[in-house]
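Reproduced below: start.cif, with mmCIF, C-alpha atoms.
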```
data_target
loop_
_atom_site.label_atom_id
_atom_site.label_comp_id
_atom_site.auth_asym_id
_atom_site.auth_seq_id
_atom_site.Cartn_x
_atom_site.Cartn_y
_atom_site.Cartn_z
CA MET A 267 217.34 297.69 183.52
CA THR A 268 217.24 294.42 185.46
CA ASP A 269 217.11 290.96 183.96
CA LYS A 270 213.54 290.51 185.11
CA ASN A 271 212.48 293.62 183.32
CA LEU A 272 214.29 292.60 180.17
CA ASN A 273 212.56 289.23 180.06
CA ASP A 274 209.23 290.99 180.06
CA LEU A 275 210.05 293.00 176.96
CA SER A 276 208.87 292.06 173.49
CA ASP A 277 211.29 291.12 170.76
CA GLU A 278 211.10 294.57 169.21
CA GLU A 279 211.73 296.28 172.54
CA LEU A 280 214.69 294.05 173.22
CA ILE A 281 216.37 294.77 169.92
CA ILE A 282 215.82 298.49 170.43
CA GLU A 283 217.35 298.20 173.89
CA PHE A 284 220.32 296.42 172.32
CA GLN A 285 220.60 299.06 169.59
CA GLN A 286 220.42 302.08 171.86
CA ASN A 287 222.21 300.93 174.99
CA ASN A 288 224.25 298.01 173.68
CA THR A 289 222.71 295.80 176.36
CA ILE A 290 224.22 292.38 175.74
CA LYS A 291 221.66 290.76 178.02
CA ALA A 292 218.89 291.87 175.66
CA PHE A 293 220.71 290.17 172.80
CA GLU A 294 221.15 286.99 174.84
CA ILE A 295 217.45 286.86 175.59
CA LEU A 296 216.68 287.13 171.89
CA VAL A 297 219.13 284.31 171.19
CA GLN A 298 217.43 282.19 173.79
CA ARG A 299 214.02 282.81 172.29
CA TYR A 300 214.91 282.11 168.66
CA LYS A 301 217.67 279.53 168.70
CA ASN A 302 215.31 276.53 168.79
CA PRO A 303 212.69 277.68 166.29
CA LEU A 304 215.41 278.70 163.85
CA THR A 305 217.28 275.44 164.33
CA ASN A 306 214.09 273.52 163.62
CA TYR A 307 213.33 275.60 160.53
CA VAL A 308 216.81 275.40 159.05
CA PHE A 309 217.21 271.70 159.80
CA ARG A 310 213.94 270.84 158.11
CA PHE A 311 215.12 272.85 155.09
CA ILE A 312 218.68 271.59 154.55
CA GLY A 313 218.43 268.25 156.38
CA ASP A 314 221.81 268.40 158.10
CA TYR A 315 222.04 269.10 161.83
CA GLU A 316 225.63 270.35 162.06
CA GLY A 317 225.13 272.59 159.09
CA CYS A 318 221.91 274.00 160.51
CA VAL A 319 223.57 274.84 163.86
CA ASP A 320 226.26 276.71 161.98
CA ILE A 321 223.70 278.64 159.96
CA VAL A 322 221.72 279.61 163.05
CA GLN A 323 224.91 280.82 164.73
CA GLU A 324 225.74 282.86 161.64
CA THR A 325 222.25 284.32 161.82
CA MET A 326 222.75 285.41 165.42
CA ILE A 327 226.15 286.89 164.59
CA LYS A 328 224.57 288.93 161.82
CA VAL A 329 221.89 290.14 164.22
CA TYR A 330 224.65 291.15 166.63
CA ARG A 331 226.77 292.88 164.02
CA TYR A 332 224.04 294.55 162.01
CA LYS A 333 221.60 295.34 164.80
CA ASP A 334 221.36 298.93 163.60
CA SER A 335 220.02 297.82 160.25
CA TYR A 336 216.84 296.55 161.89
CA SER A 337 213.94 298.92 161.51
CA SER A 338 211.06 298.76 163.98
CA ILE A 339 208.58 298.98 161.11
CA ALA A 340 208.87 295.22 160.55
CA LYS A 341 208.49 292.48 163.10
CA PHE A 342 211.70 291.20 164.61
CA SER A 343 210.69 287.59 163.88
CA THR A 344 210.29 288.43 160.20
CA TRP A 345 213.72 290.02 160.14
CA ILE A 346 215.54 287.16 161.82
CA TYR A 347 213.74 284.51 159.77
CA THR A 348 214.69 286.40 156.61
CA ILE A 349 218.36 286.33 157.59
CA ALA A 350 218.20 282.64 158.46
CA GLY A 351 216.32 281.82 155.27
CA ASN A 352 218.86 283.62 153.11
CA LEU A 353 221.74 281.82 154.75
CA ALA A 354 219.96 278.47 154.48
CA ARG A 355 219.28 278.98 150.78
CA THR A 356 222.88 279.96 150.17
CA GLU A 357 224.10 276.90 151.99
CA TYR A 358 221.66 274.72 150.10
CA GLN A 359 222.92 276.05 146.77
CA ARG A 360 226.50 275.57 147.86
CA ARG A 361 225.84 271.97 148.83
CA LYS A 362 223.98 271.33 145.65
CA ARG A 363 226.99 272.49 143.65
CA LYS A 364 229.49 270.55 145.71
CA LYS A 365 227.21 267.58 146.32
CA THR A 366 228.85 266.90 149.65
CA PHE A 367 226.96 265.74 152.67
CA SER A 368 227.97 265.16 156.23
CA ILE A 369 227.97 261.45 156.83
CA ASP A 370 229.46 261.51 160.31
CA ALA A 371 227.43 263.48 162.79
CA TYR A 372 229.98 262.93 165.54
CA GLY A 373 233.06 264.54 164.05
CA LYS A 374 235.98 263.22 162.06
CA GLU A 375 238.02 261.39 164.64
CA LYS A 376 236.86 259.54 167.71
CA ASP A 377 239.68 261.04 169.74
CA GLU A 378 238.80 264.56 168.74
CA THR A 379 237.56 266.52 171.71
CA TYR A 380 234.71 268.92 171.31
CA ASP A 381 231.62 270.01 173.15
CA LEU A 382 229.05 267.26 172.99
CA PRO A 383 225.65 268.39 171.82
CA ASP A 384 222.54 267.35 173.67
CA GLU A 385 221.65 264.08 171.97
CA SER A 386 218.09 264.04 173.15
CA TYR A 387 217.30 266.75 170.64
CA ARG A 388 219.30 265.25 167.78
CA PRO A 389 216.89 264.35 165.01
CA ASP A 390 219.29 261.98 163.31
CA VAL A 391 219.69 259.76 166.34
CA MET A 392 217.55 256.75 165.73
CA THR A 393 214.83 256.29 168.32
CA ASP A 394 211.46 254.65 167.95
CA SER A 395 209.72 257.95 167.51
CA GLY A 396 212.51 259.18 165.35
CA ILE A 397 212.04 256.60 162.62
CA LYS A 398 208.78 258.06 161.44
CA ASP A 399 210.23 261.53 161.71
CA LYS A 400 213.10 260.46 159.51
CA ILE A 401 210.77 259.12 156.88
CA ILE A 402 208.88 262.39 156.85
CA GLN A 403 212.10 264.39 156.81
CA ASP A 404 213.41 262.36 153.88
CA ALA A 405 210.17 262.99 152.02
CA LEU A 406 210.41 266.68 152.85
CA GLN A 407 213.93 266.77 151.39
CA LYS A 408 212.56 265.44 148.11
CA VAL A 409 210.05 268.26 147.80
CA SER A 410 211.19 271.09 145.54
CA LYS A 411 213.19 273.69 147.40
CA ALA A 412 210.83 276.55 146.55
CA TYR A 413 207.83 274.66 147.91
CA ARG A 414 209.67 273.11 150.85
CA GLU A 415 210.62 276.45 152.38
CA VAL A 416 207.10 277.85 152.48
CA VAL A 417 205.58 274.54 153.65
CA ILE A 418 208.01 274.49 156.58
CA LEU A 419 207.29 278.10 157.49
CA ARG A 420 203.54 277.54 157.34
CA ASP A 421 202.92 274.00 158.61
CA ILE A 422 205.89 273.54 160.94
CA GLN A 423 206.76 277.04 162.14
CA ASP A 424 203.11 278.21 162.14
CA LEU A 425 203.80 281.56 160.56
CA SER A 426 201.08 283.53 158.84
CA TYR A 427 200.85 283.97 155.07
CA GLU A 428 201.75 287.65 155.48
CA GLU A 429 204.87 286.87 157.46
CA ILE A 430 205.92 284.20 154.96
CA SER A 431 205.34 286.68 152.15
CA GLU A 432 207.66 289.19 153.85
CA ILE A 433 210.32 286.60 154.64
CA THR A 434 210.47 285.12 151.16
CA GLY A 435 209.76 288.30 149.25
CA LEU A 436 206.91 286.64 147.36
CA ASN A 437 203.37 287.88 147.06
CA ILE A 438 200.72 286.13 149.12
CA GLY A 439 199.13 284.42 146.13
CA THR A 440 202.43 282.82 145.17
CA VAL A 441 203.01 281.79 148.77
CA LYS A 442 199.67 280.00 148.97
CA SER A 443 200.13 278.36 145.61
CA ARG A 444 203.56 277.04 146.51
CA ILE A 445 202.39 275.79 149.89
CA ASN A 446 199.63 273.76 148.26
CA ARG A 447 201.96 272.30 145.65
CA GLY A 448 204.45 271.35 148.36
CA ARG A 449 201.70 269.68 150.39
CA ALA A 450 200.54 267.81 147.28
CA GLN A 451 204.03 266.45 146.67
CA LEU A 452 204.35 265.37 150.28
CA GLN A 453 200.98 263.73 150.28
CA GLU A 454 201.98 261.67 147.26
CA MET A 455 205.23 260.59 148.87
CA LEU A 456 203.67 259.79 152.26
CA LYS A 457 200.57 258.01 151.03
CA ASP A 458 201.85 254.70 152.36
CA ILE A 459 202.05 256.11 155.87
CA TYR A 460 198.48 257.28 155.72
CA LYS A 461 197.30 253.84 154.74
CA GLU A 462 198.57 252.45 158.02
CA MET B 844 188.85 276.67 146.20
CA SER B 845 188.87 278.51 149.51
CA LEU B 846 191.55 278.46 152.12
CA ASN B 847 189.65 276.08 154.35
CA ASP B 848 189.20 273.65 151.49
CA ASP B 849 192.94 273.55 150.97
CA GLU B 850 193.53 272.96 154.63
CA LEU B 851 190.98 270.16 154.61
CA LYS B 852 192.36 268.58 151.50
CA TYR B 853 195.83 268.34 152.95
CA LYS B 854 194.81 267.76 156.54
CA ASN B 855 196.84 264.56 156.87
CA VAL B 856 199.99 266.20 155.60
CA ILE B 857 199.54 269.23 157.81
CA ASN B 858 198.97 267.09 160.90
CA THR B 859 201.98 264.93 160.00
CA LEU B 860 204.21 267.96 159.71
CA LYS B 861 202.93 269.52 162.91
CA GLY B 862 203.60 266.21 164.68
CA LEU B 863 207.28 266.23 163.82
CA THR B 864 209.68 266.41 166.76
CA LYS B 865 210.90 269.91 167.30
CA VAL B 866 214.62 270.06 166.60
CA LYS B 867 216.49 272.14 169.15
CA ALA B 868 219.83 273.87 169.31
CA PRO B 869 222.64 272.18 171.25
CA ARG B 870 223.19 273.06 174.90
CA ASN B 871 226.47 274.86 174.30
CA PHE B 872 224.94 277.00 171.58
CA GLU B 873 225.16 280.32 173.47
CA ALA B 874 228.70 279.67 174.70
CA ASP B 875 229.94 278.89 171.20
CA LEU B 876 228.10 281.88 169.84
CA MET B 877 229.62 284.37 172.27
CA ARG B 878 233.05 282.89 171.70
CA ARG B 879 232.70 283.44 167.98
CA ILE B 880 231.37 286.95 168.47
CA ASN B 881 234.23 287.89 170.78
CA SER B 882 236.87 286.52 168.44
CA GLU B 883 235.36 288.35 165.47
CA THR B 884 235.14 291.56 167.48
CA PHE B 885 238.80 291.23 168.36
CA ASN B 886 239.79 290.80 164.73
CA GLU B 887 237.74 293.80 163.68
CA LYS B 888 239.52 296.09 166.13
CA GLN B 889 242.68 295.99 164.13
CA SER B 890 242.91 299.16 162.12
CA PHE B 891 243.80 299.33 158.48
CA TRP B 892 247.36 300.33 159.22
CA GLU B 893 247.75 297.59 161.75
CA LYS B 894 246.64 295.06 159.19
CA LEU B 895 248.94 296.55 156.58
CA PHE B 896 251.98 296.44 158.78
CA SER B 897 251.24 293.24 160.56
CA PRO B 898 254.24 290.91 160.70
CA SER B 899 252.52 288.29 158.63
CA LYS B 900 252.29 290.71 155.71
CA LEU B 901 255.26 292.95 156.39
CA ILE B 902 257.97 290.33 156.60
CA PRO B 903 257.42 288.71 153.20
CA SER B 904 257.10 292.11 151.53
CA ALA B 905 260.28 293.37 153.17
CA ALA B 906 262.11 290.19 152.21
CA LEU B 907 261.03 290.61 148.62
CA ALA B 908 262.12 294.24 148.53
CA VAL B 909 265.53 293.43 150.02
CA SER B 910 266.02 290.60 147.54
CA ALA B 911 265.21 292.90 144.66
CA VAL B 912 267.69 295.50 145.89
CA ILE B 913 270.42 292.90 146.33
CA LEU B 914 269.78 291.52 142.89
CA LEU B 915 269.99 294.93 141.28
CA PHE B 916 273.15 295.71 143.21
CA VAL B 917 274.81 292.48 142.10
CA LEU B 918 273.79 293.01 138.51
CA ASN B 919 275.15 296.53 138.55
CA ILE B 920 278.50 295.37 139.87
CA ASN B 921 278.79 292.76 137.15
CA SER B 922 277.87 295.10 134.38
CA ASP B 923 280.86 297.43 134.53
CA GLU B 924 281.57 296.81 130.88
CA VAL B 925 278.29 298.15 129.84
CA GLU B 926 278.35 301.89 129.91
CA ASN B 927 275.38 304.09 130.19
CA PRO B 928 275.13 305.70 126.78
CA LEU B 929 273.57 308.77 128.32
CA LEU B 930 276.59 309.34 130.52
CA MET B 931 279.22 308.66 127.92
CA GLU B 932 281.18 311.54 126.57
CA PRO B 933 281.08 311.74 122.83
CA LYS B 934 284.14 310.36 121.14
CA VAL B 935 286.29 312.97 119.63
CA ARG B 936 286.98 312.35 116.00
CA GLU B 937 290.58 313.14 115.45
CA ASP B 938 290.23 313.04 111.70
CA VAL B 939 287.83 315.94 111.52
CA ILE B 940 289.45 318.29 113.96
CA GLN B 941 289.56 321.71 112.45
CA THR B 942 292.74 323.60 112.95
CA GLU B 943 293.96 326.82 111.54
CA ASN B 944 297.63 326.08 111.36
CA ILE B 945 299.36 322.91 112.27
CA SER B 946 302.76 323.91 111.17
CA GLU B 947 304.19 322.63 114.41
CA VAL B 948 302.99 319.14 113.65
CA GLN B 949 305.70 316.90 112.36
CA LEU B 950 304.29 315.02 109.46
CA PRO B 951 305.47 311.48 108.91
CA GLY B 952 307.88 310.76 106.10
CA LYS B 953 307.14 308.90 102.87
CA ASP B 954 308.48 305.65 104.23
CA GLN B 955 306.26 305.83 107.15
CA ILE B 956 303.27 306.58 104.95
CA SER B 957 303.89 303.67 102.65
CA SER B 958 304.27 301.30 105.56
CA GLU B 959 300.98 302.38 107.07
CA LYS B 960 298.19 300.01 106.47
CA LYS B 961 295.24 301.35 104.53
CA GLU B 962 292.73 299.91 106.97
CA ASN B 963 294.22 302.04 109.76
CA SER B 964 291.20 304.04 110.80
CA GLU B 965 293.21 306.58 112.74
CA GLU B 966 295.09 307.80 109.65
CA THR B 967 294.66 311.48 109.55
CA ASN B 968 293.65 313.58 106.61
CA ILE B 969 296.95 315.41 106.86
CA SER B 970 299.02 312.39 105.91
CA LYS B 971 296.65 311.50 103.12
CA PHE B 972 297.01 314.82 101.47
CA LYS B 973 300.78 314.61 101.44
CA ASN B 974 300.85 312.63 98.19
CA GLN B 975 298.17 314.50 96.42
CA THR B 976 298.29 316.93 93.49
CA PRO B 977 299.72 320.39 93.81
CA ASP B 978 296.17 321.70 94.11
CA SER B 979 296.00 320.51 97.64
CA GLY B 980 296.65 322.80 100.45
CA LEU B 981 299.83 321.06 101.38
CA GLN B 982 302.75 323.46 101.18
CA GLU B 983 306.33 323.30 102.01
CA ASN B 984 307.94 325.52 104.49
CA ASN B 985 311.26 325.55 106.26
CA ARG B 986 309.88 323.39 109.01
CA GLY B 987 308.51 320.66 106.82
CA PHE B 988 305.08 320.43 105.48
CA SER B 989 302.39 322.62 106.73
CA TYR B 990 298.78 322.31 106.06
CA THR B 991 296.67 325.29 105.62
CA THR B 992 293.01 324.72 106.01
CA THR B 993 291.74 327.55 103.90
CA GLU B 994 290.91 325.40 100.92
CA TYR B 995 290.28 322.16 102.73
CA SER B 996 288.67 323.32 105.89
CA ILE B 997 285.99 320.98 106.86
CA ASP B 998 282.84 322.68 107.82
CA LYS B 999 279.67 321.20 109.12
CA ASN B 1000 278.20 320.63 105.68
CA GLY B 1001 281.30 318.99 104.44
CA LEU B 1002 281.66 316.37 107.13
CA ASN B 1003 281.94 312.96 105.64
CA PHE B 1004 281.36 310.36 108.26
CA ARG B 1005 281.71 307.62 105.78
CA GLN B 1006 285.39 307.30 105.62
CA VAL B 1007 286.45 305.84 102.28
CA ASN B 1008 290.09 304.77 102.04
CA LEU B 1009 291.16 305.06 98.41
CA THR B 1010 294.29 303.59 96.92
CA LYS B 1011 296.77 305.81 95.13
CA GLU B 1012 295.51 304.68 91.74
CA GLU B 1013 291.91 305.32 92.71
CA GLN B 1014 292.76 308.75 94.09
CA GLN B 1015 294.65 309.56 90.91
CA ARG B 1016 291.78 308.44 88.77
CA LEU B 1017 289.41 310.48 90.87
CA ASN B 1018 291.52 313.56 90.42
CA GLU B 1019 291.66 312.99 86.68
CA LEU B 1020 287.90 312.78 86.59
CA LYS B 1021 287.62 315.97 88.54
CA GLU B 1022 289.92 317.75 86.10
CA HIS B 1023 287.93 316.40 83.19
CA PHE B 1024 284.69 317.74 84.56
CA LYS B 1025 286.25 321.08 85.21
CA MET B 1026 287.33 321.26 81.59
CA LEU B 1027 283.88 320.35 80.40
CA LEU B 1028 282.40 323.02 82.60
CA LYS B 1029 284.77 325.62 81.20
CA ASN B 1030 283.97 324.62 77.66
CA SER B 1031 280.25 324.80 78.27
CA ARG B 1032 280.60 328.30 79.71
CA ASN B 1033 282.66 329.42 76.76
CA ASN B 1034 280.05 328.08 74.39
#
```
Represent the structure from my file as structure tokens, please.
Amino acid sequence: MTDKNLNDLSDEELIIEFQQNNTIKAFEILVQRYKNPLTNYVFRFIGDYEGCVDIVQETMIKVYRYKDSYSSIAKFSTWIYTIAGNLARTEYQRRKRKKTFSIDAYGKEKDETYDLPDESYRPDVMTDSGIKDKIIQDALQKVSKAYREVVILRDIQDLSYEEISEITGLNIGTVKSRINRGRAQLQEMLKDIYKE
Amino acid sequence: MSLNDDELKYKNVINTLKGLTKVKAPRNFEADLMRRINSETFNEKQSFWEKLFSPSKLIPSAALAVSAVILLFVLNINSDEVENPLLMEPKVREDVIQTENISEVQLPGKDQISSEKKENSEETNISKFKNQTPDSGLQENNRGFSYTTTEYSIDKNGLNFRQVNLTKEEQQRLNELKEHFKMLLKNSRNN
């Protein structure tokens, strides 16, 4: 199957192609499609860019290693978001216990050589537009973890209530209730911005 | 409250969140990812036996085993004095050897007996009985004293492992007591 043909396939068809024929190109296309949405989702949840990149890479590695555990009954997006969400929650709990945060986004030593990330997409780099984003992100970090996750999936990632219910394992009623509570907390914290 | 009401109530928040800059993965994301996948795949290819006998695990284990063997060997060399009780031959007790006739044995003379120390644990029963009463089995013959074991043969039931060394006076007293009890026994039978 040519690259052009692979790009035309849906997510579910790509993962099946990867499962049955071990087509690495199919996997790479899936990585390309989901790396940015997952990075956005995980960053908004844990608030640390380096940590979120690591989690998204772990997610992709799990997809690669456990591709056969995917069943075509569920949507591929639901499956990959579930993996990423589980890893993000685990990392969040780990950080909460350790209470350690990355304070240097550029590595430990100035002389240390490493691949430079694309700074235009770095949310912690202060730009004019980034200041407001940072305020909102800080407010989002103060929202309870249980509410924050579903608010991000609904209002930032634009997923449906059904998809969020499958990803989190909660029933739809609980999902809606938590989303509203998360929004209420944010509204309280961001009321000064709305006055402007 | 319906879904639309909720959306309306929190319209500002929803619009604020939707307006956030989309955070993207770094440019070298795929390259790093494939590098990690390839390195993990390489590590997984090692079989169980390869992992078990890998130099990093084998060398310390072998060193520990060799050290243990050397230590045991050194300890065994230094412990020559300590004998394995399971391999020891039982000591033969010369004082309870049963013989039928030891007429060929040259018994020591009186002088030699008197000079022997009483705490000598190797003193034989033969020399002890030399100074006893005529009731003992010690008899004279043309070759010296001979000891017949018919009356004083030591059987299994009669073995006395607790060797008591009595003085001449004590032995004499003991014999007197024996005679006295014999007399009493005779008298009681007659009565």
**Report entry** Top pick for closest residue to A:Val441, considering A:Asp334, A:Glu283, A:Asp320, A:Glu415 and counting all atoms listed in the file
**Finding:**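 Smallest distance to A:Val441 is found for A:Glu415.
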**Report entry** Gap from atom CA of A:Asp277 to atom CA of A:Gly435 - Å, one decimal
**Finding:**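 A separation of 21.7 Å between them.
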Report task. Pull out every residue that the PyMOL selection byres ((chain B) within 9 of (chain A)) matches in the shown coordinates and put them as a count of residues only. Result -> 28
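Taking atom CA of B:Asn919 and atom CA of B:Val935 as the two end points, the separation is 27.4 Å.
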Report task. Can you turn the PyMOL selection byres ((chain A and resi 342) around 10) into a concrete residue list for this file, as a list of chain:residue names? Result ->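 Output from the PyMOL selection byres ((chain A and resi 342) around 10), applied to this file: A:Ser276, A:Asp277, A:Glu278, A:Glu279, A:Leu280, A:Ile281, A:Leu296, A:Tyr336, A:Ser337, A:Ser338, A:Ile339, A:Ala340, A:Lys341, A:Ser343, A:Thr344, A:Trp345, A:Ile346, A:Tyr347, A:Thr348.
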Query raised in the report: What gap, in Å, lies between atom CA of A:Asn273 and atom CA of A:Val329?
Result: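 Those two atoms sit 18.4 Å apart.
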Would you mind listing what lies within 12 Å of A:Lys362 as a PDB file with C-alpha atoms, keeping the file's coordinate frame, with only C-alpha atoms counted and same-chain residues fewer than 5 positions away left out?
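Listing of out-v8.pdb after writing:
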```
ATOM      1  CA  ILE A 312     218.680 271.590 154.550  1.00  0.00           C
ATOM      2  CA  ARG A 355     219.280 278.980 150.780  1.00  0.00           C
ATOM      3  CA  THR A 356     222.880 279.960 150.170  1.00  0.00           C
ATOM      4  CA  GLU A 357     224.100 276.900 151.990  1.00  0.00           C
ATOM      5  CA  PHE A 367     226.960 265.740 152.670  1.00  0.00           C
ATOM      6  CA  LYS A 411     213.190 273.690 147.400  1.00  0.00           C
TER       7      LYS A 411
END
```
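For the structure shown here, the set of residues caught by the PyMOL selection byres ((chain A and resi 440) around 12) is Ala412, Tyr413, Val416, Tyr427, Glu428, Ile430, Ser431, Glu432, Thr434, Gly435, Leu436, Asn437, Ile438, Gly439, Val441, Lys442, Ser443, Arg444, Ile445, Asn446 and Arg447 of chain A.
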